[in-house]
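Participant: Input file: work.cif. Contents: mmCIF, C-alpha atoms and all ligand atoms.
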```cif
data_query
loop_
_atom_site.label_atom_id
_atom_site.label_comp_id
_atom_site.auth_asym_id
_atom_site.auth_seq_id
_atom_site.Cartn_x
_atom_site.Cartn_y
_atom_site.Cartn_z
CA MET T 1 21.23 5.20 4.58
CA GLY T 2 19.93 2.07 6.27
CA TYR T 3 22.62 -0.38 7.25
CA THR T 4 21.82 -3.85 8.50
CA VAL T 5 24.16 -6.73 9.16
CA ALA T 6 22.98 -9.88 7.41
CA MET T 7 22.24 -12.83 9.64
CA HIS T 8 24.67 -15.76 9.73
CA ASP T 9 22.67 -17.84 7.28
CA GLY T 10 22.98 -15.05 4.72
CA SER T 11 19.35 -13.97 4.96
CA HIS T 12 18.07 -10.73 6.45
CA GLY T 13 15.34 -12.29 8.55
CA PRO T 14 11.62 -11.76 8.18
CA ILE T 15 9.76 -9.03 6.35
CA ARG T 16 8.13 -6.64 8.82
CA VAL T 17 5.22 -4.36 7.94
CA ILE T 18 3.69 -1.42 9.79
CA SER T 19 0.66 0.38 8.40
CA LEU T 20 0.99 4.00 9.50
CA GLN T 21 -2.40 4.80 7.98
CA SER T 22 -4.59 3.33 5.25
CA GLY T 23 -7.61 4.94 3.57
CA SER T 24 -8.74 7.80 1.38
CA ASN T 25 -7.67 10.17 4.19
CA GLY T 26 -4.04 9.19 3.62
CA ASN T 27 -1.84 6.17 3.04
CA CYS T 28 1.64 5.31 4.28
CA ILE T 29 3.04 1.79 4.73
CA TYR T 30 6.45 1.01 6.26
CA ILE T 31 8.21 -2.21 5.31
CA GLU T 32 11.51 -3.75 6.40
CA ALA T 33 12.74 -6.33 3.90
CA GLY T 34 16.11 -7.63 2.77
CA GLY T 35 17.85 -5.37 5.30
CA ARG T 36 16.22 -2.26 3.80
CA LYS T 37 13.64 0.15 5.15
CA LEU T 38 10.99 1.26 2.71
CA LEU T 39 8.00 3.57 2.77
CA PHE T 40 5.16 3.08 0.32
CA ASP T 41 3.20 6.29 -0.31
CA ALA T 42 3.26 9.60 1.52
CA GLY T 43 -0.34 10.60 2.08
CA ILE T 44 0.04 11.62 5.74
CA SER T 45 2.07 14.47 7.19
CA GLY T 46 5.77 14.04 7.83
CA SER T 47 5.40 14.61 11.56
CA CYS T 48 2.58 12.06 11.75
CA ALA T 49 4.68 9.43 9.94
CA GLU T 50 7.68 10.22 12.14
CA GLU T 51 5.65 9.96 15.34
CA ARG T 52 3.87 6.72 14.37
CA LEU T 53 7.16 5.07 13.38
CA SER T 54 8.75 6.16 16.63
CA LEU T 55 5.96 4.40 18.56
CA HIS T 56 7.53 1.19 17.21
CA GLY T 57 11.10 2.38 17.79
CA ARG T 58 11.73 3.18 14.12
CA ASP T 59 13.44 6.34 12.85
CA ILE T 60 12.02 7.83 9.65
CA ARG T 61 15.44 9.33 8.89
CA SER T 62 16.84 5.84 8.34
CA VAL T 63 14.35 4.97 5.57
CA ASP T 64 16.12 4.03 2.31
CA ALA T 65 13.35 4.77 -0.20
CA LEU T 66 9.91 6.31 -0.57
CA ILE T 67 8.02 4.57 -3.38
CA ILE T 68 4.84 6.10 -4.76
CA SER T 69 1.91 4.08 -6.13
CA HIS T 70 0.04 6.84 -7.97
CA ASN T 71 -0.68 10.54 -8.10
CA HIS T 72 -3.80 10.80 -5.92
CA ALA T 73 -3.27 13.15 -2.98
CA ASP T 74 -3.94 10.42 -0.40
CA HIS T 75 -0.77 8.72 -1.67
CA ILE T 76 1.60 11.50 -2.73
CA SER T 77 0.72 14.79 -1.00
CA SER T 78 3.65 14.74 1.47
CA ALA T 79 6.28 13.22 -0.84
CA GLY T 80 8.23 16.49 -1.09
CA ILE T 81 8.17 16.96 2.67
CA PHE T 82 9.32 13.38 3.34
CA GLN T 83 12.25 13.99 1.05
CA ARG T 84 13.30 17.46 2.20
CA LYS T 85 12.72 16.95 5.92
CA TYR T 86 14.06 13.41 6.21
CA GLY T 87 16.32 13.03 3.16
CA ILE T 88 14.45 10.03 1.73
CA PRO T 89 15.08 9.25 -1.99
CA LEU T 90 11.85 9.29 -4.00
CA TYR T 91 10.86 6.53 -6.47
CA VAL T 92 8.06 7.46 -8.84
CA THR T 93 7.07 7.04 -12.49
CA PRO T 94 7.63 10.12 -14.67
CA ARG T 95 3.94 10.36 -15.64
CA CYS T 96 2.77 10.03 -12.04
CA LEU T 97 5.17 12.74 -10.91
CA ALA T 98 4.19 15.10 -13.73
CA ALA T 99 0.49 14.63 -12.97
CA ALA T 100 1.04 15.17 -9.24
CA GLN T 101 3.02 18.34 -9.80
CA THR T 102 0.25 19.95 -11.82
CA ARG T 103 -2.31 19.23 -9.05
CA CYS T 104 -0.68 19.43 -5.63
CA SER T 105 2.49 21.37 -4.94
CA LEU T 106 5.17 18.89 -3.98
CA GLY T 107 7.82 21.62 -3.84
CA LYS T 108 11.45 21.20 -4.78
CA LEU T 109 12.63 17.60 -5.20
CA LYS T 110 16.28 16.60 -5.15
CA GLU T 111 16.76 12.86 -5.29
CA VAL T 112 14.22 11.38 -7.70
CA HIS T 113 14.57 7.88 -9.15
CA HIS T 114 12.22 7.14 -12.02
CA PHE T 115 10.80 3.70 -12.64
CA ARG T 116 8.48 2.43 -15.33
CA SER T 117 5.17 0.84 -14.34
CA GLY T 118 5.57 -2.91 -14.74
CA SER T 119 9.31 -2.84 -14.04
CA THR T 120 11.16 -4.11 -10.97
CA ILE T 121 12.87 -1.68 -8.60
CA ARG T 122 15.95 -3.10 -6.87
CA ILE T 123 17.14 -1.61 -3.61
CA GLY T 124 19.98 -3.63 -2.13
CA ASP T 125 18.84 -7.23 -1.86
CA VAL T 126 15.14 -6.46 -2.11
CA SER T 127 13.13 -6.42 -5.34
CA ILE T 128 9.95 -4.42 -5.66
CA HIS T 129 7.88 -5.65 -8.58
CA THR T 130 5.48 -3.01 -9.84
CA ILE T 131 2.18 -4.05 -11.43
CA PRO T 132 0.13 -1.54 -13.49
CA THR T 133 -3.48 -1.14 -12.35
CA PRO T 134 -6.67 0.08 -14.09
CA HIS T 135 -7.31 2.53 -11.18
CA ASP T 136 -8.04 6.08 -12.37
CA GLY T 137 -4.78 7.60 -11.10
CA GLU T 138 -1.99 8.47 -13.54
CA ASP T 139 0.24 5.47 -14.32
CA GLY T 140 -0.80 3.73 -11.08
CA VAL T 141 0.89 0.60 -9.78
CA VAL T 142 0.69 -1.87 -6.92
CA PHE T 143 3.67 -3.66 -5.43
CA VAL T 144 5.10 -7.07 -4.60
CA VAL T 145 8.03 -6.81 -2.20
CA ASP T 146 10.34 -9.81 -2.61
CA ASP T 147 13.43 -10.46 -0.45
CA GLY T 148 14.23 -13.73 -2.23
CA GLN T 149 12.50 -15.80 0.46
CA HIS T 150 9.23 -14.01 1.20
CA ARG T 151 6.75 -12.16 -0.98
CA LEU T 152 4.46 -9.43 0.35
CA GLY T 153 1.82 -7.64 -1.73
CA VAL T 154 0.82 -4.01 -1.21
CA LEU T 155 -2.33 -3.95 -3.30
CA THR T 156 -4.67 -0.96 -2.97
CA ASP T 157 -6.42 1.39 -5.39
CA LEU T 158 -6.92 -1.52 -7.76
CA GLY T 159 -9.63 -0.15 -10.07
CA HIS T 160 -11.31 -3.53 -10.50
CA VAL T 161 -10.40 -7.20 -10.25
CA PHE T 162 -8.07 -7.23 -13.23
CA ARG T 163 -6.56 -10.21 -14.98
CA ASP T 164 -3.75 -11.96 -13.08
CA LEU T 165 -4.61 -10.26 -9.77
CA GLY T 166 -5.73 -13.61 -8.30
CA ALA T 167 -2.58 -15.35 -9.55
CA THR T 168 -0.45 -12.58 -8.03
CA ILE T 169 -2.15 -12.98 -4.65
CA ALA T 170 -1.71 -16.76 -4.80
CA SER T 171 2.05 -16.18 -5.24
CA LEU T 172 2.33 -14.19 -1.97
CA ASP T 173 3.07 -15.09 1.65
CA ALA T 174 1.05 -12.14 2.93
CA VAL T 175 -0.88 -9.21 1.52
CA LEU T 176 -2.15 -5.77 2.38
CA LEU T 177 -5.26 -5.81 0.20
CA GLU T 178 -7.79 -3.12 -0.59
CA SER T 179 -11.27 -3.87 0.76
CA ASN T 180 -12.77 -0.47 0.10
CA TYR T 181 -16.53 -0.55 0.32
CA ASP T 182 -19.70 -2.41 1.09
CA PRO T 183 -22.02 -2.12 -1.95
CA VAL T 184 -25.18 -1.62 0.16
CA MET T 185 -23.59 1.11 2.28
CA LEU T 186 -22.28 2.77 -0.89
CA ALA T 187 -25.70 2.65 -2.57
CA ASN T 188 -27.49 4.07 0.50
CA GLY T 189 -24.69 6.40 1.58
CA PRO T 190 -24.19 10.16 1.30
CA TYR T 191 -21.98 10.31 -1.80
CA PRO T 192 -23.28 12.02 -4.95
CA ARG T 193 -24.18 9.68 -7.80
CA PHE T 194 -21.08 10.44 -9.88
CA LEU T 195 -18.82 9.49 -6.97
CA LYS T 196 -20.73 6.28 -6.29
CA MET T 197 -20.32 5.39 -9.97
CA ARG T 198 -16.62 6.19 -9.84
CA ILE T 199 -15.93 4.04 -6.78
CA LYS T 200 -17.66 0.92 -8.08
CA GLY T 201 -16.65 1.59 -11.70
CA PRO T 202 -13.65 0.05 -13.48
CA GLY T 203 -11.23 2.79 -12.33
CA GLY T 204 -12.32 2.97 -8.71
CA HIS T 205 -11.91 0.55 -5.84
CA ILE T 206 -12.78 -3.06 -5.05
CA SER T 207 -15.47 -4.11 -2.58
CA ASN T 208 -15.30 -6.27 0.53
CA ARG T 209 -16.75 -9.23 -1.32
CA GLU T 210 -14.45 -8.87 -4.35
CA ALA T 211 -11.44 -8.73 -2.02
CA ALA T 212 -12.71 -11.70 -0.03
CA GLU T 213 -13.23 -13.79 -3.17
CA LEU T 214 -9.70 -12.98 -4.31
CA LEU T 215 -8.35 -14.18 -0.95
CA ALA T 216 -10.57 -17.25 -1.02
CA SER T 217 -9.14 -18.26 -4.39
CA ALA T 218 -5.63 -18.09 -2.87
CA ALA T 219 -6.41 -19.61 0.55
CA GLY T 220 -4.95 -23.00 1.37
CA GLY T 221 -1.77 -22.22 -0.53
CA ARG T 222 1.20 -20.05 0.28
CA LEU T 223 -0.78 -17.11 1.69
CA LYS T 224 -0.50 -16.85 5.52
CA TRP T 225 -2.35 -13.65 6.34
CA ALA T 226 -4.11 -10.65 4.87
CA CYS T 227 -4.40 -7.14 6.22
CA LEU T 228 -7.46 -5.37 4.78
CA GLY T 229 -6.72 -1.79 3.79
CA HIS T 230 -7.97 1.41 2.17
CA LEU T 231 -11.40 0.98 3.83
CA SER T 232 -13.85 3.76 3.05
CA GLY T 233 -14.84 5.92 6.02
CA GLU T 234 -18.41 6.42 4.72
CA ASN T 235 -19.13 3.19 2.87
CA ASN T 236 -17.54 0.56 5.06
CA SER T 237 -16.51 -0.30 8.60
CA PRO T 238 -13.80 -2.61 9.94
CA GLU T 239 -16.48 -4.85 11.50
CA LEU T 240 -18.45 -5.16 8.26
CA ALA T 241 -15.34 -5.80 6.18
CA LEU T 242 -14.21 -8.59 8.54
CA LYS T 243 -17.73 -10.05 8.63
CA THR T 244 -17.89 -10.27 4.83
CA HIS T 245 -14.40 -11.74 4.60
CA ASN T 246 -15.12 -14.33 7.29
CA GLU T 247 -18.37 -15.30 5.54
CA VAL T 248 -16.52 -15.91 2.28
CA LEU T 249 -13.33 -17.36 3.75
CA GLY T 250 -14.89 -19.34 6.58
CA GLY T 251 -11.99 -18.49 8.90
CA ASP T 252 -9.44 -20.08 6.54
CA LEU T 253 -7.06 -17.13 6.66
CA SER T 254 -5.67 -14.90 9.41
CA LEU T 255 -7.11 -11.39 8.91
CA CYS T 256 -6.65 -7.91 10.32
CA VAL T 257 -7.68 -4.40 9.28
CA ALA T 258 -5.34 -1.45 8.71
CA SER T 259 -6.78 1.58 10.47
CA ARG T 260 -7.73 4.88 8.82
CA HIS T 261 -6.62 6.67 11.99
CA THR T 262 -3.88 4.85 13.87
CA VAL T 263 -0.69 2.89 13.42
CA SER T 264 -0.90 -0.91 13.23
CA GLU T 265 1.07 -3.50 15.14
CA VAL T 266 4.24 -4.82 13.52
CA MET T 267 3.13 -7.57 11.14
CA VAL T 268 5.70 -10.25 10.39
CA ILE T 269 6.22 -12.67 7.52
ZN ZN F 1 -6.17 5.94 -2.42
ZN ZN F 2 -6.28 6.41 -5.83
#
```
Using the file provided, produce a representation of the structure as structure tokens.
Ligand SMILES: [Zn+2]
Ligand SMILES: [Zn+2]
Facilitator:
Amino acid sequence: MGYTVAMHDGSHGPIRVISLQSGSNGNCIYIEAGGRKLLFDAGISGSCAEERLSLHGRDIRSVDALIISHNHADHISSAGIFQRKYGIPLYVTPRCLAAAQTRCSLGKLKEVHHFRSGSTIRIGDVSIHTIPTPHDGEDGVVFVVDDGQHRLGVLTDLGHVFRDLGATIASLDAVLLESNYDPVMLANGPYPRFLKMRIKGPGGHISNREAAELLASAAGGRLKWACLGHLSGENNSPELALKTHNEVLGGDLSLCVASRHTVSEVMVI
């Protein structure tokens, strides 16, 4: 289990975030907060997660919890492997787990902690508030990680811009926010019509402009930076996402993009 000595002032220092991968090809976000080490989602292979963490001097075997957002394979496919290979306790809602087990084979699970969507998970001194989403996964949630001093949002697979999402973002110090697609690229892109309808529909993903407008409504307040995530490989590009965000935000907020292929830098709050 992770063990960290608290600093002299009683706090655990900053929150640190590393995106190991973000996108429909697999999601995995590492966060250090309140002296704990957390992984959000397990949509990349165990060896890939281990290797990318080690590039930043982190050991996957010291992670305290793996917390799952929803049952889509790009978020849960390696959950069983993460647990068996590295001994990481799994946090998941019962409905999400049941749905995942009927679709992908997670294998034998030993240490499973159930939470209800909308409840708060407490691990040591860190609280993880879970917020239900209208995304078309089973019992899907997004997260606010709160160490008592800083608040970080992990907000992807949102469905649509639902009520209170803007207020949630305005309450954060930093956010990893979905910025999935450009509507013109989606319309002209290779996806079949049903998939285009799903992505832009109420249970799909939010667009660059929707994400940018959410950030714009929170800019000037508590929010320090945003990392754009879950970009589509076919219907978006990092350059286009940043261009749209900068148009809407006018450079008011520090921005970066979480890669679909490589590990990010260590982001600090
Ligand atoms: Zn996803
Ligand atoms: Zn999803």
Participant: Name the residues in contact with Val112 in chain T at a cut-off of 7 Å, using all atoms listed in the file, excluding same-chain residues fewer than 2 positions from it; report them as an MDAnalysis selection string.
Facilitator: chainID T and resid 89:91 109:110 114
Participant: CA of Gly159 in chain T and CA of Gly203 in chain T, how far apart in Å?
Facilitator: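 Computing the Euclidean distance for CA of Gly203 in chain T and CA of Gly159 in chain T yields 4.0 Å.
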Participant: Quick one, how far is CA of Pro134 in chain T from CA of His230 in chain T?
Facilitator: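 Separation between CA of Pro134 in chain T and CA of His230 in chain T: 16.4 Å.
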Participant: Name the closest residue to ligand ZN 1 (chain F) among the candidates T:His72, T:His56, T:Arg209, T:Arg61; distances are taken between atoms, counting all atoms listed in the file.
Facilitator: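 Of all the options, T:His72 lies closest to ligand ZN 1 (chain F).
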Participant: Restricting the calculation to only C-alpha atoms and all ligand atoms: of T:Ile269, T:Ile44, T:Ile121, T:Ile169, which residue gets closest to ligand ZN 1 (chain F)?
Facilitator: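 Result for the nearest residue to ligand ZN 1 (chain F): T:Ile44.
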Participant: If you count all atoms listed in the file, which residues fall within 6 Å of Ser179 in chain T, apart from same-chain ones fewer than 3 positions away, as a list in words?
Facilitator: Ser207, Asn208, Ala211, Leu228, Gly229 and Leu231 of chain T
Participant: Within 6 Å of ligand ZN 1 (chain F), which residues show up when you count all atoms listed in the file? List them as a ChimeraX atom specification, please.
Facilitator: /T:24,74,157
Participant: Excluding Cys28 in chain T and its own-chain neighbours fewer than 3 positions away, which residues fall within 8 Å of it when counting only C-alpha atoms? Please give them as an mmCIF file with C-alpha atoms, in the frame of the given file.
Facilitator:
```
data_model
loop_
_atom_site.group_PDB
_atom_site.id
_atom_site.type_symbol
_atom_site.label_atom_id
_atom_site.label_comp_id
_atom_site.auth_asym_id
_atom_site.auth_seq_id
_atom_site.Cartn_x
_atom_site.Cartn_y
_atom_site.Cartn_z
ATOM 1 C CA SER T 19 0.660 0.380 8.400
ATOM 2 C CA LEU T 20 0.990 4.000 9.500
ATOM 3 C CA GLN T 21 -2.400 4.800 7.980
ATOM 4 C CA SER T 22 -4.590 3.330 5.250
ATOM 5 C CA LEU T 39 8.000 3.570 2.770
ATOM 6 C CA PHE T 40 5.160 3.080 0.320
ATOM 7 C CA ASP T 41 3.200 6.290 -0.310
ATOM 8 C CA ALA T 42 3.260 9.600 1.520
ATOM 9 C CA GLY T 43 -0.340 10.600 2.080
ATOM 10 C CA ILE T 44 0.040 11.620 5.740
ATOM 11 C CA ALA T 49 4.680 9.430 9.940
ATOM 12 C CA HIS T 75 -0.770 8.720 -1.670
#
```
Participant: Between T:Asn71, T:Ser119, T:Ser264, T:Thr102, which one has atoms that come closest to ligand ZN 2 (chain F), using all atoms listed in the file?
Facilitator: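 Of the candidates, the smallest distance to ligand ZN 2 (chain F) is held by T:Asn71.
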Participant: Which protein, DNA or RNA residues have an atom within 12 Å of ligand ZN 2 (chain F), counting all atoms listed in the file, as JSON, numbers by chain?
Facilitator: {"T": [22, 23, 24, 25, 26, 27, 41, 43, 68, 69, 70, 71, 72, 73, 74, 75, 76, 77, 96, 100, 133, 134, 135, 136, 137, 138, 139, 140, 141, 142, 155, 156, 157, 158, 159, 178, 180, 198, 199, 203, 204, 205, 206, 230, 232]}
Participant: Write the residues of the selection above to a file with C-alpha atoms, as a compact mmCIF listing (two decimals), keeping the file's coordinate frame.
Facilitator:
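Output file selection26.txt follows:
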```txt
# COMPACT_ATOMS: atom_id res chain seq x y z
CA SER T 22 -4.59 3.33 5.25
CA GLY T 23 -7.61 4.94 3.57
CA SER T 24 -8.74 7.80 1.38
CA ASN T 25 -7.67 10.17 4.19
CA GLY T 26 -4.04 9.19 3.62
CA ASN T 27 -1.84 6.17 3.04
CA ASP T 41 3.20 6.29 -0.31
CA GLY T 43 -0.34 10.60 2.08
CA ILE T 68 4.84 6.10 -4.76
CA SER T 69 1.91 4.08 -6.13
CA HIS T 70 0.04 6.84 -7.97
CA ASN T 71 -0.68 10.54 -8.10
CA HIS T 72 -3.80 10.80 -5.92
CA ALA T 73 -3.27 13.15 -2.98
CA ASP T 74 -3.94 10.42 -0.40
CA HIS T 75 -0.77 8.72 -1.67
CA ILE T 76 1.60 11.50 -2.73
CA SER T 77 0.72 14.79 -1.00
CA CYS T 96 2.77 10.03 -12.04
CA ALA T 100 1.04 15.17 -9.24
CA THR T 133 -3.48 -1.14 -12.35
CA PRO T 134 -6.67 0.08 -14.09
CA HIS T 135 -7.31 2.53 -11.18
CA ASP T 136 -8.04 6.08 -12.37
CA GLY T 137 -4.78 7.60 -11.10
CA GLU T 138 -1.99 8.47 -13.54
CA ASP T 139 0.24 5.47 -14.32
CA GLY T 140 -0.80 3.73 -11.08
CA VAL T 141 0.89 0.60 -9.78
CA VAL T 142 0.69 -1.87 -6.92
CA LEU T 155 -2.33 -3.95 -3.30
CA THR T 156 -4.67 -0.96 -2.97
CA ASP T 157 -6.42 1.39 -5.39
CA LEU T 158 -6.92 -1.52 -7.76
CA GLY T 159 -9.63 -0.15 -10.07
CA GLU T 178 -7.79 -3.12 -0.59
CA ASN T 180 -12.77 -0.47 0.10
CA ARG T 198 -16.62 6.19 -9.84
CA ILE T 199 -15.93 4.04 -6.78
CA GLY T 203 -11.23 2.79 -12.33
CA GLY T 204 -12.32 2.97 -8.71
CA HIS T 205 -11.91 0.55 -5.84
CA ILE T 206 -12.78 -3.06 -5.05
CA HIS T 230 -7.97 1.41 2.17
CA SER T 232 -13.85 3.76 3.05
```
Participant: Emit as JSON the padded axis-aligned box for all listed atoms of range 229-245 of chain T, 8 Å per side, with centre and edge lengths in Å to one decimal.
Facilitator:
```
{"center_x": -12.9, "center_y": -2.7, "center_z": 6.8, "size_x": 28.4, "size_y": 34.2, "size_z": 25.3}
```
Participant: Every residue with an atom at most 10 Å from (5.7, -9.3, -4.6) (file coordinates; all atoms listed in the file) is what I'm after, so could you write them as a PDB file with C-alpha atoms, in the coordinates of the input?
Facilitator:
```
ATOM      1  CA  THR T 120      11.160  -4.110 -10.970  1.00  0.00           C
ATOM      2  CA  SER T 127      13.130  -6.420  -5.340  1.00  0.00           C
ATOM      3  CA  ILE T 128       9.950  -4.420  -5.660  1.00  0.00           C
ATOM      4  CA  HIS T 129       7.880  -5.650  -8.580  1.00  0.00           C
ATOM      5  CA  THR T 130       5.480  -3.010  -9.840  1.00  0.00           C
ATOM      6  CA  ILE T 131       2.180  -4.050 -11.430  1.00  0.00           C
ATOM      7  CA  VAL T 142       0.690  -1.870  -6.920  1.00  0.00           C
ATOM      8  CA  PHE T 143       3.670  -3.660  -5.430  1.00  0.00           C
ATOM      9  CA  VAL T 144       5.100  -7.070  -4.600  1.00  0.00           C
ATOM     10  CA  VAL T 145       8.030  -6.810  -2.200  1.00  0.00           C
ATOM     11  CA  ASP T 146      10.340  -9.810  -2.610  1.00  0.00           C
ATOM     12  CA  ASP T 147      13.430 -10.460  -0.450  1.00  0.00           C
ATOM     13  CA  GLY T 148      14.230 -13.730  -2.230  1.00  0.00           C
ATOM     14  CA  HIS T 150       9.230 -14.010   1.200  1.00  0.00           C
ATOM     15  CA  ARG T 151       6.750 -12.160  -0.980  1.00  0.00           C
ATOM     16  CA  LEU T 152       4.460  -9.430   0.350  1.00  0.00           C
ATOM     17  CA  GLY T 153       1.820  -7.640  -1.730  1.00  0.00           C
ATOM     18  CA  VAL T 154       0.820  -4.010  -1.210  1.00  0.00           C
ATOM     19  CA  LEU T 155      -2.330  -3.950  -3.300  1.00  0.00           C
ATOM     20  CA  THR T 168      -0.450 -12.580  -8.030  1.00  0.00           C
ATOM     21  CA  ILE T 169      -2.150 -12.980  -4.650  1.00  0.00           C
ATOM     22  CA  SER T 171       2.050 -16.180  -5.240  1.00  0.00           C
ATOM     23  CA  LEU T 172       2.330 -14.190  -1.970  1.00  0.00           C
ATOM     24  CA  ASP T 173       3.070 -15.090   1.650  1.00  0.00           C
ATOM     25  CA  ALA T 174       1.050 -12.140   2.930  1.00  0.00           C
ATOM     26  CA  VAL T 175      -0.880  -9.210   1.520  1.00  0.00           C
TER      27      VAL T 175
END
```
Participant: Point out the residue among T:Leu214, T:Ile88, T:Leu223, T:Ala79 with the least atom-to-atom distance to His245 in chain T, counting only C-alpha atoms.
Facilitator: T:Leu214
Participant: Just save range 131-138 of chain T with all heavy atoms, as a short mmCIF file (atom, residue, chain, number, x, y, z; two decimals), in the first residue's frame.
Facilitator:
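Below is the file selection_0.cif, written as the result:
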```
data_model
loop_
_atom_site.label_atom_id
_atom_site.label_comp_id
_atom_site.auth_asym_id
_atom_site.auth_seq_id
_atom_site.Cartn_x
_atom_site.Cartn_y
_atom_site.Cartn_z
N ILE T 131 -19.77 11.75 -9.98
CA ILE T 131 -20.91 12.50 -10.54
C ILE T 131 -21.49 11.66 -11.69
O ILE T 131 -20.78 11.37 -12.66
CB ILE T 131 -20.43 13.87 -11.07
CG1 ILE T 131 -19.78 14.68 -9.95
CG2 ILE T 131 -21.60 14.62 -11.71
CD1 ILE T 131 -19.01 15.90 -10.45
N PRO T 132 -22.76 11.27 -11.60
CA PRO T 132 -23.37 10.48 -12.68
C PRO T 132 -23.43 11.28 -13.99
O PRO T 132 -23.64 12.50 -13.96
CB PRO T 132 -24.79 10.20 -12.18
CG PRO T 132 -24.78 10.52 -10.73
CD PRO T 132 -23.70 11.53 -10.50
N THR T 133 -23.22 10.61 -15.09
CA THR T 133 -23.26 11.28 -16.40
C THR T 133 -24.37 10.67 -17.27
O THR T 133 -24.78 9.52 -17.05
CB THR T 133 -21.95 11.08 -17.18
OG1 THR T 133 -21.87 9.71 -17.60
CG2 THR T 133 -20.74 11.45 -16.36
N PRO T 134 -24.81 11.41 -18.30
CA PRO T 134 -25.77 10.85 -19.27
C PRO T 134 -25.09 10.10 -20.42
O PRO T 134 -25.73 9.79 -21.41
CB PRO T 134 -26.50 12.10 -19.77
CG PRO T 134 -25.50 13.19 -19.63
CD PRO T 134 -24.61 12.85 -18.47
N HIS T 135 -23.80 9.81 -20.32
CA HIS T 135 -23.08 9.04 -21.35
C HIS T 135 -23.70 7.64 -21.44
O HIS T 135 -24.26 7.13 -20.46
CB HIS T 135 -21.61 8.95 -20.92
CG HIS T 135 -20.71 8.24 -21.90
ND1 HIS T 135 -20.48 8.70 -23.18
CD2 HIS T 135 -19.95 7.12 -21.76
CE1 HIS T 135 -19.63 7.89 -23.78
NE2 HIS T 135 -19.30 6.92 -22.95
N ASP T 136 -23.58 7.00 -22.61
CA ASP T 136 -24.31 5.74 -22.82
C ASP T 136 -23.59 4.48 -22.31
O ASP T 136 -23.89 3.38 -22.73
CB ASP T 136 -24.72 5.59 -24.29
CG ASP T 136 -23.52 5.61 -25.23
OD1 ASP T 136 -22.36 5.62 -24.74
OD2 ASP T 136 -23.74 5.62 -26.46
N GLY T 137 -22.67 4.64 -21.37
CA GLY T 137 -22.15 3.49 -20.62
C GLY T 137 -23.13 3.12 -19.52
O GLY T 137 -24.12 3.81 -19.29
N GLU T 138 -22.82 2.02 -18.81
CA GLU T 138 -23.70 1.58 -17.72
C GLU T 138 -23.28 2.27 -16.42
O GLU T 138 -22.15 2.07 -15.96
CB GLU T 138 -23.60 0.06 -17.58
CG GLU T 138 -24.58 -0.57 -16.63
CD GLU T 138 -26.03 -0.43 -17.10
OE1 GLU T 138 -26.27 -0.48 -18.33
OE2 GLU T 138 -26.91 -0.27 -16.23
#
```
